[in-house]
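The file final22.json contains JSON, C-alpha atoms:
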```json
[["chain", "number", "residue", "atom", "x", "y", "z"],
["B", 221, "MET", "CA", 0.00, 0.00, 0.00],
["B", 222, "ARG", "CA", 1.35, 3.38, -1.01],
["B", 223, "ILE", "CA", 1.22, 6.18, 1.52],
["B", 224, "ALA", "CA", 0.52, 9.67, 0.08],
["B", 225, "THR", "CA", 3.09, 12.27, 1.03],
["B", 226, "ARG", "CA", 3.15, 16.05, 0.89],
["B", 227, "PRO", "CA", 6.05, 18.01, -0.56],
["B", 228, "PHE", "CA", 8.48, 19.08, 2.15],
["B", 229, "THR", "CA", 7.95, 22.78, 1.40],
["B", 230, "THR", "CA", 4.19, 22.39, 1.86],
["B", 231, "LEU", "CA", 4.72, 20.72, 5.22],
["B", 232, "ILE", "CA", 6.97, 23.59, 6.39],
["B", 233, "ALA", "CA", 4.40, 26.19, 5.27],
["B", 234, "THR", "CA", 1.66, 24.37, 7.14],
["B", 235, "MET", "CA", 3.75, 24.22, 10.33],
["B", 236, "ALA", "CA", 4.54, 27.92, 10.05],
["B", 237, "GLY", "CA", 0.87, 28.74, 9.68],
["B", 238, "CYS", "CA", 0.02, 26.70, 12.75],
["B", 239, "ALA", "CA", 2.74, 28.45, 14.73],
["B", 240, "ALA", "CA", 1.38, 31.83, 13.71],
["B", 241, "MET", "CA", -2.08, 30.81, 14.91],
["B", 242, "MET", "CA", -0.61, 29.95, 18.30],
["B", 243, "VAL", "CA", 0.61, 33.53, 18.91],
["B", 244, "ALA", "CA", -1.35, 35.05, 21.75],
["B", 245, "PRO", "CA", -4.28, 37.21, 20.61],
["B", 246, "GLY", "CA", -3.45, 40.93, 20.50],
["B", 247, "THR", "CA", 0.29, 40.30, 20.33],
["B", 248, "ALA", "CA", 1.93, 42.16, 17.47],
["B", 249, "LEU", "CA", 4.64, 40.48, 15.47],
["B", 250, "ALA", "CA", 7.92, 42.31, 14.92],
["B", 251, "GLN", "CA", 8.49, 43.61, 11.42],
["B", 252, "PRO", "CA", 12.03, 43.31, 10.05],
["B", 253, "ASN", "CA", 11.79, 46.52, 7.98],
["B", 254, "TYR", "CA", 10.21, 48.68, 10.67],
["B", 255, "PRO", "CA", 9.10, 51.35, 10.08],
["B", 256, "ALA", "CA", 7.51, 50.66, 6.72],
["B", 257, "ARG", "CA", 4.99, 53.51, 6.98],
["B", 258, "PRO", "CA", 4.46, 56.74, 8.99],
["B", 259, "VAL", "CA", 4.56, 56.59, 12.79],
["B", 260, "THR", "CA", 2.27, 58.69, 14.98],
["B", 261, "ILE", "CA", 3.64, 60.30, 18.17],
["B", 262, "ILE", "CA", 0.77, 61.11, 20.53],
["B", 263, "VAL", "CA", 1.40, 64.12, 22.78],
["B", 264, "PRO", "CA", -1.30, 64.32, 25.48],
["B", 265, "ALA", "CA", -0.72, 68.07, 25.91],
["B", 266, "PRO", "CA", -1.13, 71.24, 23.83],
["B", 267, "ALA", "CA", 1.43, 72.35, 21.26],
["B", 268, "GLY", "CA", 4.20, 74.56, 22.58],
["B", 269, "GLY", "CA", 4.91, 72.79, 25.87],
["B", 270, "GLY", "CA", 7.96, 70.81, 26.94],
["B", 271, "ILE", "CA", 6.92, 67.34, 25.80],
["B", 272, "ASP", "CA", 5.58, 68.75, 22.54],
["B", 273, "LEU", "CA", 8.96, 70.33, 21.84],
["B", 274, "ILE", "CA", 10.80, 67.07, 22.59],
["B", 275, "ALA", "CA", 8.42, 65.08, 20.38],
["B", 276, "ARG", "CA", 8.92, 67.45, 17.44],
["B", 277, "VAL", "CA", 12.70, 67.79, 17.76],
["B", 278, "VAL", "CA", 13.27, 64.05, 18.22],
["B", 279, "GLY", "CA", 10.57, 63.10, 15.69],
["B", 280, "GLU", "CA", 12.30, 65.16, 13.02],
["B", 281, "LYS", "CA", 15.56, 63.27, 13.57],
["B", 282, "LEU", "CA", 13.79, 59.91, 13.54],
["B", 283, "SER", "CA", 12.06, 60.78, 10.26],
["B", 284, "VAL", "CA", 15.39, 61.49, 8.60],
["B", 285, "LYS", "CA", 17.21, 58.50, 10.07],
["B", 286, "LEU", "CA", 14.51, 55.86, 9.58],
["B", 287, "GLY", "CA", 13.09, 57.12, 6.30],
["B", 288, "GLN", "CA", 9.45, 57.42, 7.40],
["B", 289, "PRO", "CA", 7.56, 60.42, 8.82],
["B", 290, "PHE", "CA", 7.15, 60.57, 12.59],
["B", 291, "VAL", "CA", 4.02, 62.71, 12.89],
["B", 292, "VAL", "CA", 3.19, 64.54, 16.13],
["B", 293, "GLU", "CA", -0.49, 64.42, 17.09],
["B", 294, "ASN", "CA", -1.49, 66.64, 20.04],
["B", 295, "ARG", "CA", -4.34, 65.18, 22.09],
["B", 296, "PRO", "CA", -4.69, 67.41, 25.17],
["B", 297, "GLY", "CA", -7.50, 67.30, 27.70],
["B", 298, "ALA", "CA", -8.61, 65.84, 31.03],
["B", 299, "SER", "CA", -5.28, 66.51, 32.79],
["B", 300, "ASN", "CA", -3.42, 64.69, 29.99],
["B", 301, "ASN", "CA", -5.58, 61.60, 30.46],
["B", 302, "LEU", "CA", -7.30, 61.81, 27.09],
["B", 303, "GLY", "CA", -4.19, 61.41, 24.95],
["B", 304, "THR", "CA", -2.64, 58.89, 27.32],
["B", 305, "ALA", "CA", -5.76, 56.70, 27.09],
["B", 306, "MET", "CA", -5.58, 56.87, 23.28],
["B", 307, "LEU", "CA", -1.97, 55.67, 23.43],
["B", 308, "ALA", "CA", -2.83, 52.85, 25.84],
["B", 309, "ASN", "CA", -5.58, 51.62, 23.51],
["B", 310, "ALA", "CA", -3.64, 51.94, 20.25],
["B", 311, "LYS", "CA", -2.60, 48.87, 18.27],
["B", 312, "PRO", "CA", 0.74, 47.64, 19.68],
["B", 313, "ASP", "CA", 2.54, 47.46, 16.36],
["B", 314, "GLY", "CA", 5.04, 50.32, 16.77],
["B", 315, "TYR", "CA", 3.13, 52.71, 14.53],
["B", 316, "THR", "CA", 1.64, 54.63, 17.46],
["B", 317, "ILE", "CA", 3.95, 55.74, 20.23],
["B", 318, "GLY", "CA", 3.72, 58.66, 22.64],
["B", 319, "ILE", "CA", 5.57, 60.92, 25.02],
["B", 320, "VAL", "CA", 4.35, 61.70, 28.53],
["B", 321, "GLY", "CA", 5.24, 64.18, 31.26],
["B", 322, "GLY", "CA", 5.05, 64.32, 35.03],
["B", 323, "SER", "CA", 1.29, 63.81, 35.30],
["B", 324, "HIS", "CA", 1.73, 60.24, 34.00],
["B", 325, "ASN", "CA", 3.01, 59.14, 37.40],
["B", 326, "ILE", "CA", 0.54, 61.25, 39.41],
["B", 327, "ASN", "CA", -2.89, 60.84, 37.85],
["B", 328, "LYS", "CA", -3.30, 57.28, 39.08],
["B", 329, "PHE", "CA", -3.85, 58.73, 42.56],
["B", 330, "LEU", "CA", -6.14, 61.59, 41.51],
["B", 331, "PHE", "CA", -8.68, 59.94, 39.21],
["B", 332, "LYS", "CA", -10.76, 56.84, 39.93],
["B", 333, "ASN", "CA", -11.40, 55.66, 36.37],
["B", 334, "LEU", "CA", -8.39, 56.43, 34.20],
["B", 335, "GLY", "CA", -8.88, 53.58, 31.78],
["B", 336, "TRP", "CA", -5.14, 52.93, 31.80],
["B", 337, "ASP", "CA", -2.40, 51.99, 34.25],
["B", 338, "PRO", "CA", 0.94, 53.87, 34.22],
["B", 339, "GLU", "CA", 2.91, 50.61, 34.30],
["B", 340, "LYS", "CA", 0.73, 47.81, 32.94],
["B", 341, "SER", "CA", -0.68, 49.65, 29.92],
["B", 342, "PHE", "CA", 2.65, 50.61, 28.35],
["B", 343, "GLU", "CA", 6.08, 49.50, 27.21],
["B", 344, "PRO", "CA", 8.68, 52.08, 28.31],
["B", 345, "ILE", "CA", 10.93, 53.06, 25.41],
["B", 346, "VAL", "CA", 13.29, 55.67, 26.84],
["B", 347, "TYR", "CA", 13.48, 58.29, 29.58],
["B", 348, "THR", "CA", 13.96, 61.55, 27.70],
["B", 349, "HIS", "CA", 13.81, 64.50, 30.05],
["B", 350, "GLU", "CA", 13.68, 66.13, 33.43],
["B", 351, "ILE", "CA", 12.45, 69.69, 33.87],
["B", 352, "PRO", "CA", 13.27, 71.29, 37.22],
["B", 353, "LEU", "CA", 10.80, 73.62, 38.86],
["B", 354, "VAL", "CA", 11.61, 77.02, 40.34],
["B", 355, "PHE", "CA", 10.35, 78.52, 43.60],
["B", 356, "ALA", "CA", 9.28, 81.81, 42.00],
["B", 357, "ALA", "CA", 8.23, 84.45, 44.52],
["B", 358, "TYR", "CA", 6.49, 87.81, 44.23],
["B", 359, "PRO", "CA", 9.54, 90.11, 44.00],
["B", 360, "LYS", "CA", 8.31, 92.61, 46.62],
["B", 361, "LEU", "CA", 7.91, 89.88, 49.23],
["B", 362, "PRO", "CA", 10.52, 90.51, 51.97],
["B", 363, "VAL", "CA", 12.24, 87.14, 51.48],
["B", 364, "LYS", "CA", 15.28, 85.96, 49.54],
["B", 365, "THR", "CA", 15.60, 82.36, 50.70],
["B", 366, "VAL", "CA", 13.31, 79.39, 51.27],
["B", 367, "PRO", "CA", 13.71, 79.49, 55.09],
["B", 368, "GLU", "CA", 12.73, 83.18, 55.03],
["B", 369, "LEU", "CA", 9.72, 82.29, 52.89],
["B", 370, "VAL", "CA", 8.59, 79.60, 55.34],
["B", 371, "THR", "CA", 8.95, 82.01, 58.27],
["B", 372, "TRP", "CA", 6.95, 84.68, 56.42],
["B", 373, "MET", "CA", 4.19, 82.22, 55.51],
["B", 374, "LYS", "CA", 3.86, 81.05, 59.10],
["B", 375, "ALA", "CA", 3.56, 84.66, 60.22],
["B", 376, "ASN", "CA", 1.07, 85.52, 57.45],
["B", 377, "PRO", "CA", -1.01, 82.37, 56.85],
["B", 378, "ALA", "CA", -3.95, 84.21, 55.31],
["B", 379, "GLU", "CA", -1.68, 85.65, 52.63],
["B", 380, "ALA", "CA", 0.28, 82.46, 51.88],
["B", 381, "LYS", "CA", -1.36, 82.01, 48.46],
["B", 382, "VAL", "CA", 0.48, 79.62, 46.18],
["B", 383, "ALA", "CA", -0.43, 79.33, 42.51],
["B", 384, "THR", "CA", -0.74, 75.93, 40.84],
["B", 385, "SER", "CA", -1.54, 74.74, 37.33],
["B", 386, "GLY", "CA", -4.55, 72.73, 38.36],
["B", 387, "ARG", "CA", -5.31, 69.23, 39.53],
["B", 388, "GLY", "CA", -2.60, 66.68, 39.07],
["B", 389, "SER", "CA", -0.07, 69.14, 37.70],
["B", 390, "ALA", "CA", 3.59, 68.99, 38.65],
["B", 391, "GLN", "CA", 3.13, 72.48, 40.11],
["B", 392, "GLU", "CA", 0.35, 71.30, 42.43],
["B", 393, "MET", "CA", 2.32, 68.27, 43.59],
["B", 394, "ALA", "CA", 5.45, 70.39, 44.15],
["B", 395, "ALA", "CA", 3.41, 72.79, 46.30],
["B", 396, "GLU", "CA", 1.94, 69.90, 48.30],
["B", 397, "MET", "CA", 5.41, 68.46, 48.83],
["B", 398, "PHE", "CA", 6.60, 71.91, 49.98],
["B", 399, "ARG", "CA", 3.75, 72.04, 52.50],
["B", 400, "MET", "CA", 4.58, 68.51, 53.68],
["B", 401, "VAL", "CA", 8.34, 69.04, 54.08],
["B", 402, "SER", "CA", 8.35, 72.62, 55.43],
["B", 403, "GLY", "CA", 5.20, 72.71, 57.54],
["B", 404, "ALA", "CA", 4.30, 76.06, 56.00],
["B", 405, "PRO", "CA", 0.62, 76.97, 55.64],
["B", 406, "VAL", "CA", -0.23, 76.92, 51.95],
["B", 407, "LEU", "CA", -3.39, 78.22, 50.28],
["B", 408, "LEU", "CA", -3.48, 76.70, 46.81],
["B", 409, "VAL", "CA", -4.88, 78.84, 43.99],
["B", 410, "PRO", "CA", -5.42, 76.83, 40.77],
["B", 411, "TYR", "CA", -4.90, 78.34, 37.32],
["B", 412, "LYS", "CA", -5.20, 76.94, 33.80],
["B", 413, "GLY", "CA", -1.48, 76.76, 33.18],
["B", 414, "SER", "CA", 1.58, 78.93, 33.61],
["B", 415, "SER", "CA", 0.55, 81.75, 31.31],
["B", 416, "ALA", "CA", -2.61, 82.27, 33.35],
["B", 417, "ALA", "CA", -0.79, 82.14, 36.69],
["B", 418, "HIS", "CA", 2.10, 84.50, 35.92],
["B", 419, "PRO", "CA", 0.17, 87.84, 35.88],
["B", 420, "ASP", "CA", -1.23, 87.33, 39.39],
["B", 421, "LEU", "CA", 2.18, 86.32, 40.74],
["B", 422, "ILE", "CA", 3.84, 89.37, 39.20],
["B", 423, "ALA", "CA", 1.09, 91.59, 40.63],
["B", 424, "GLY", "CA", 1.32, 90.04, 44.11],
["B", 425, "ARG", "CA", -2.12, 88.46, 44.17],
["B", 426, "THR", "CA", -0.25, 85.21, 44.86],
["B", 427, "VAL", "CA", 3.12, 85.07, 46.61],
["B", 428, "LEU", "CA", 4.63, 81.86, 45.21],
["B", 429, "TYR", "CA", 4.45, 79.66, 42.16],
["B", 430, "ILE", "CA", 6.61, 76.54, 41.89],
["B", 431, "ASP", "CA", 6.70, 76.51, 38.12],
["B", 432, "THR", "CA", 8.69, 74.65, 35.49],
["B", 433, "ILE", "CA", 11.96, 76.33, 34.64],
["B", 434, "SER", "CA", 11.07, 76.30, 30.95],
["B", 435, "ALA", "CA", 7.95, 78.37, 31.63],
["B", 436, "ILE", "CA", 9.27, 80.77, 34.29],
["B", 437, "GLN", "CA", 12.93, 81.43, 33.41],
["B", 438, "GLU", "CA", 12.23, 84.51, 31.26],
["B", 439, "GLN", "CA", 10.24, 86.07, 34.10],
["B", 440, "VAL", "CA", 13.16, 85.35, 36.43],
["B", 441, "LYS", "CA", 15.73, 86.86, 34.07],
["B", 442, "SER", "CA", 13.59, 89.98, 33.54],
["B", 443, "GLY", "CA", 13.19, 90.51, 37.30],
["B", 444, "ASN", "CA", 9.41, 90.08, 37.28],
["B", 445, "VAL", "CA", 9.71, 87.28, 39.87],
["B", 446, "ARG", "CA", 12.43, 86.24, 42.30],
["B", 447, "ALA", "CA", 13.89, 82.73, 42.07],
["B", 448, "LEU", "CA", 14.42, 81.42, 45.59],
["B", 449, "ALA", "CA", 15.30, 77.81, 44.77],
["B", 450, "VAL", "CA", 15.12, 75.01, 42.25],
["B", 451, "SER", "CA", 13.16, 71.92, 43.13],
["B", 452, "THR", "CA", 15.60, 69.19, 42.12],
["B", 453, "ARG", "CA", 18.51, 67.81, 44.15],
["B", 454, "LYS", "CA", 21.01, 69.19, 41.66],
["B", 455, "ARG", "CA", 21.21, 72.79, 40.50],
["B", 456, "SER", "CA", 19.86, 73.56, 37.06],
["B", 457, "LYS", "CA", 22.13, 74.34, 34.13],
["B", 458, "ALA", "CA", 19.67, 77.03, 33.09],
["B", 459, "LEU", "CA", 19.85, 78.85, 36.46],
["B", 460, "PRO", "CA", 23.15, 77.68, 37.97],
["B", 461, "ASN", "CA", 23.30, 80.41, 40.63],
["B", 462, "VAL", "CA", 19.97, 79.47, 42.17],
["B", 463, "PRO", "CA", 20.42, 76.98, 45.04],
["B", 464, "THR", "CA", 18.28, 73.89, 45.49],
["B", 465, "ALA", "CA", 15.51, 73.69, 48.07],
["B", 466, "GLU", "CA", 17.38, 70.86, 49.78],
["B", 467, "GLU", "CA", 20.51, 73.01, 50.07],
["B", 468, "GLN", "CA", 18.37, 75.48, 52.01],
["B", 469, "GLY", "CA", 17.09, 72.98, 54.54],
["B", 470, "LEU", "CA", 14.14, 71.21, 52.89],
["B", 471, "LYS", "CA", 15.60, 67.76, 53.42],
["B", 472, "GLY", "CA", 14.50, 65.20, 50.87],
["B", 473, "TYR", "CA", 12.72, 67.76, 48.70],
["B", 474, "ASP", "CA", 12.92, 66.61, 45.09],
["B", 475, "ALA", "CA", 10.21, 67.54, 42.63],
["B", 476, "ASN", "CA", 10.30, 67.84, 38.88],
["B", 477, "THR", "CA", 8.32, 67.05, 35.81],
["B", 478, "ASN", "CA", 9.88, 64.20, 33.89],
["B", 479, "GLY", "CA", 8.93, 61.66, 31.31],
["B", 480, "GLY", "CA", 9.73, 59.89, 28.13],
["B", 481, "PHE", "CA", 8.52, 57.85, 25.19],
["B", 482, "LEU", "CA", 6.12, 54.94, 25.68],
["B", 483, "ALA", "CA", 4.47, 52.38, 23.42],
["B", 484, "PRO", "CA", 1.24, 50.44, 24.05],
["B", 485, "ALA", "CA", 1.67, 47.26, 26.07],
["B", 486, "GLY", "CA", 2.45, 44.32, 23.82],
["B", 487, "THR", "CA", 4.56, 46.24, 21.32],
["B", 488, "PRO", "CA", 7.29, 43.85, 20.11],
["B", 489, "LYS", "CA", 10.52, 44.05, 22.06],
["B", 490, "GLU", "CA", 12.53, 44.34, 18.85],
["B", 491, "ILE", "CA", 10.66, 47.51, 17.89],
["B", 492, "VAL", "CA", 11.03, 48.95, 21.38],
["B", 493, "ALA", "CA", 14.77, 48.22, 21.26],
["B", 494, "LYS", "CA", 15.13, 49.87, 17.84],
["B", 495, "LEU", "CA", 13.26, 52.99, 18.94],
["B", 496, "ASN", "CA", 15.28, 53.11, 22.15],
["B", 497, "ALA", "CA", 18.57, 53.04, 20.22],
["B", 498, "GLU", "CA", 17.47, 55.66, 17.70],
["B", 499, "ILE", "CA", 15.98, 58.06, 20.27],
["B", 500, "ASN", "CA", 19.08, 57.76, 22.45],
["B", 501, "ALA", "CA", 21.19, 58.60, 19.41],
["B", 502, "ALA", "CA", 19.02, 61.63, 18.63],
["B", 503, "LEU", "CA", 19.26, 62.89, 22.22],
["B", 504, "LYS", "CA", 23.06, 62.86, 21.97],
["B", 505, "LEU", "CA", 23.14, 65.15, 18.94],
["B", 506, "PRO", "CA", 24.57, 68.59, 19.85],
["B", 507, "GLU", "CA", 21.83, 70.48, 17.99],
["B", 508, "VAL", "CA", 19.10, 68.51, 19.77],
["B", 509, "ARG", "CA", 20.64, 69.05, 23.19],
["B", 510, "ALA", "CA", 21.15, 72.75, 22.52],
["B", 511, "LYS", "CA", 17.54, 73.29, 21.49],
["B", 512, "LEU", "CA", 16.10, 71.39, 24.46],
["B", 513, "GLU", "CA", 18.49, 72.82, 27.05],
["B", 514, "ALA", "CA", 17.66, 76.36, 25.86],
["B", 515, "ALA", "CA", 14.10, 75.62, 26.96],
["B", 516, "GLY", "CA", 15.25, 74.49, 30.41],
["B", 517, "ILE", "CA", 14.89, 70.79, 29.58],
["B", 518, "GLU", "CA", 17.58, 68.53, 31.01],
["B", 519, "VAL", "CA", 18.15, 65.72, 28.52],
["B", 520, "GLN", "CA", 18.28, 62.16, 29.84],
["B", 521, "GLY", "CA", 18.39, 58.80, 28.03],
["B", 522, "GLY", "CA", 18.99, 55.17, 28.95],
["B", 523, "THR", "CA", 17.37, 51.76, 28.65],
["B", 524, "PRO", "CA", 13.67, 50.81, 28.76],
["B", 525, "GLN", "CA", 14.35, 49.03, 32.04],
["B", 526, "GLU", "CA", 15.81, 52.18, 33.60],
["B", 527, "TYR", "CA", 12.76, 54.18, 32.55],
["B", 528, "ALA", "CA", 10.45, 51.51, 34.01],
["B", 529, "ALA", "CA", 12.32, 51.74, 37.33],
["B", 530, "LEU", "CA", 11.95, 55.53, 37.36],
["B", 531, "ILE", "CA", 8.19, 55.25, 36.78],
["B", 532, "LYS", "CA", 7.93, 52.82, 39.69],
["B", 533, "SER", "CA", 9.91, 55.07, 42.06],
["B", 534, "ASP", "CA", 7.94, 58.16, 41.04],
["B", 535, "LEU", "CA", 4.65, 56.37, 41.67],
["B", 536, "ALA", "CA", 5.82, 55.56, 45.20],
["B", 537, "LYS", "CA", 6.93, 59.17, 45.80],
["B", 538, "TRP", "CA", 3.80, 60.88, 44.55],
["B", 539, "GLY", "CA", 1.50, 58.30, 46.11],
["B", 540, "LYS", "CA", 2.95, 59.24, 49.49],
["B", 541, "VAL", "CA", 2.48, 62.97, 48.83],
["B", 542, "VAL", "CA", -1.15, 62.50, 47.75],
["B", 543, "LYS", "CA", -1.88, 60.34, 50.80],
["B", 544, "GLU", "CA", -0.31, 62.76, 53.28],
["B", 545, "ALA", "CA", -2.08, 65.70, 51.65],
["B", 546, "ALA", "CA", -5.38, 63.78, 51.99],
["B", 547, "ILE", "CA", -6.25, 64.45, 48.35],
["B", 548, "GLN", "CA", -9.32, 62.49, 47.31],
["B", 549, "PRO", "CA", -9.52, 61.03, 43.80],
["B", 550, "GLU", "CA", -12.24, 62.27, 41.47]]
```
Now, as a test, write the supplied structure out as structure tokens.
Amino acid sequence: MRIATRPFTTLIATMAGCAAMMVAPGTALAQPNYPARPVTIIVPAPAGGGIDLIARVVGEKLSVKLGQPFVVENRPGASNNLGTAMLANAKPDGYTIGIVGGSHNINKFLFKNLGWDPEKSFEPIVYTHEIPLVFAAYPKLPVKTVPELVTWMKANPAEAKVATSGRGSAQEMAAEMFRMVSGAPVLLVPYKGSSAAHPDLIAGRTVLYIDTISAIQEQVKSGNVRALAVSTRKRSKALPNVPTAEEQGLKGYDANTNGGFLAPAGTPKEIVAKLNAEINAALKLPEVRAKLEAAGIEVQGGTPQEYAALIKSDLAKWGKVVKEAAIQPE
């Protein structure tokens, strides 16, 4: 009796098809010629801000190097949650990535139904930036240091009005951390961003605004506000003569807005590794560093694992601040 046989090549094709069917649902397969078409970079904030600038400067270099457009798509709204949710729910094939800022590691504690998790919903690609904040005081306030500010606030609690940029902002969290570490009475006054908060600070209707260095440095240089301290543990390259808050006695004070590029969870590791290498290379270019540092952005870099560790540590830090401030999620 003769047994029918299939050609060897047919057998291999059949086995390959079966293997493909065994790939877990929703898992994207790596593409050897990635990218083969345009890539969207979601920015969950308006145009003109820090992460928007990074996305555009880095995206331009990626477009040239990889031969496909990297197109920035601004999706602001809902304290950056709208665009971040879009990124979390995008197809994990490498053709939609995003960049996030400081609110990414804060909003988990401020909103009940985000629709995404800062760790589980994403694949970290690379940590791109840190933006220090500046303790910017009303210039006619009789203080020149952080200890003097704390003393003045304790003596004038009804006037200790501190501007913030609204719920979940780095400015709000920095102010809450200041209250927690210093014991100063703080009356938070929310505004819709830096440009809305600056006029009242300059006029003395608020006495302090812990604002990003990129947004406030021109007001500092023009003398419209007085820089008492920077919020990070190291002095800023943009304002090297301004001491840190920790140098002035606020032990453990370390606040900034930071972030980096993320991809939806399930994006192939090979694509994440390729993007990591290319973005790191772009961040090392002198013209990229010069443009970002001029805006007060301190360029970072590193591995996906290092960025994942930073997200985890930031979540622990801000979770503690939110708990001690007794802030209730919406």
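Between Pro359 in chain B and the residues B:Val427, B:Ala380, B:Glu466, B:Leu302, the shortest atom-to-atom distance, using only C-alpha atoms, involves B:Val427.
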Seminar exercise, completed: A straight line from CA of Ala375 in chain B to CA of Arg425 in chain B spans 17.4 Å
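For range 263-280 of chain B, the set of protein, DNA and RNA residues having any atom at most 7 Å away, when counting all atoms listed in the file and skipping those fewer than 5 positions along the same chain, is Phe290, Val292, Glu293, Asn294, Arg295, Pro296, Asn300, Leu302, Gly303, Thr304, Gly318, Ile319, Val320, Gly321, Ile499, Ala502 and Val508 of chain B.
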Exercise. Could you work out how far CA of Pro549 in chain B lies from CA of Pro377 in chain B, giving the answer in Å with one decimal?
Worked result: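 Distance between the two atoms: 26.4 Å.
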Problem set entry | B:Leu307, B:Ala256, B:Leu530, B:Leu408 ranked by distance to Ser283 in chain B, top pick (using all atoms listed in the file) | B:Ala256
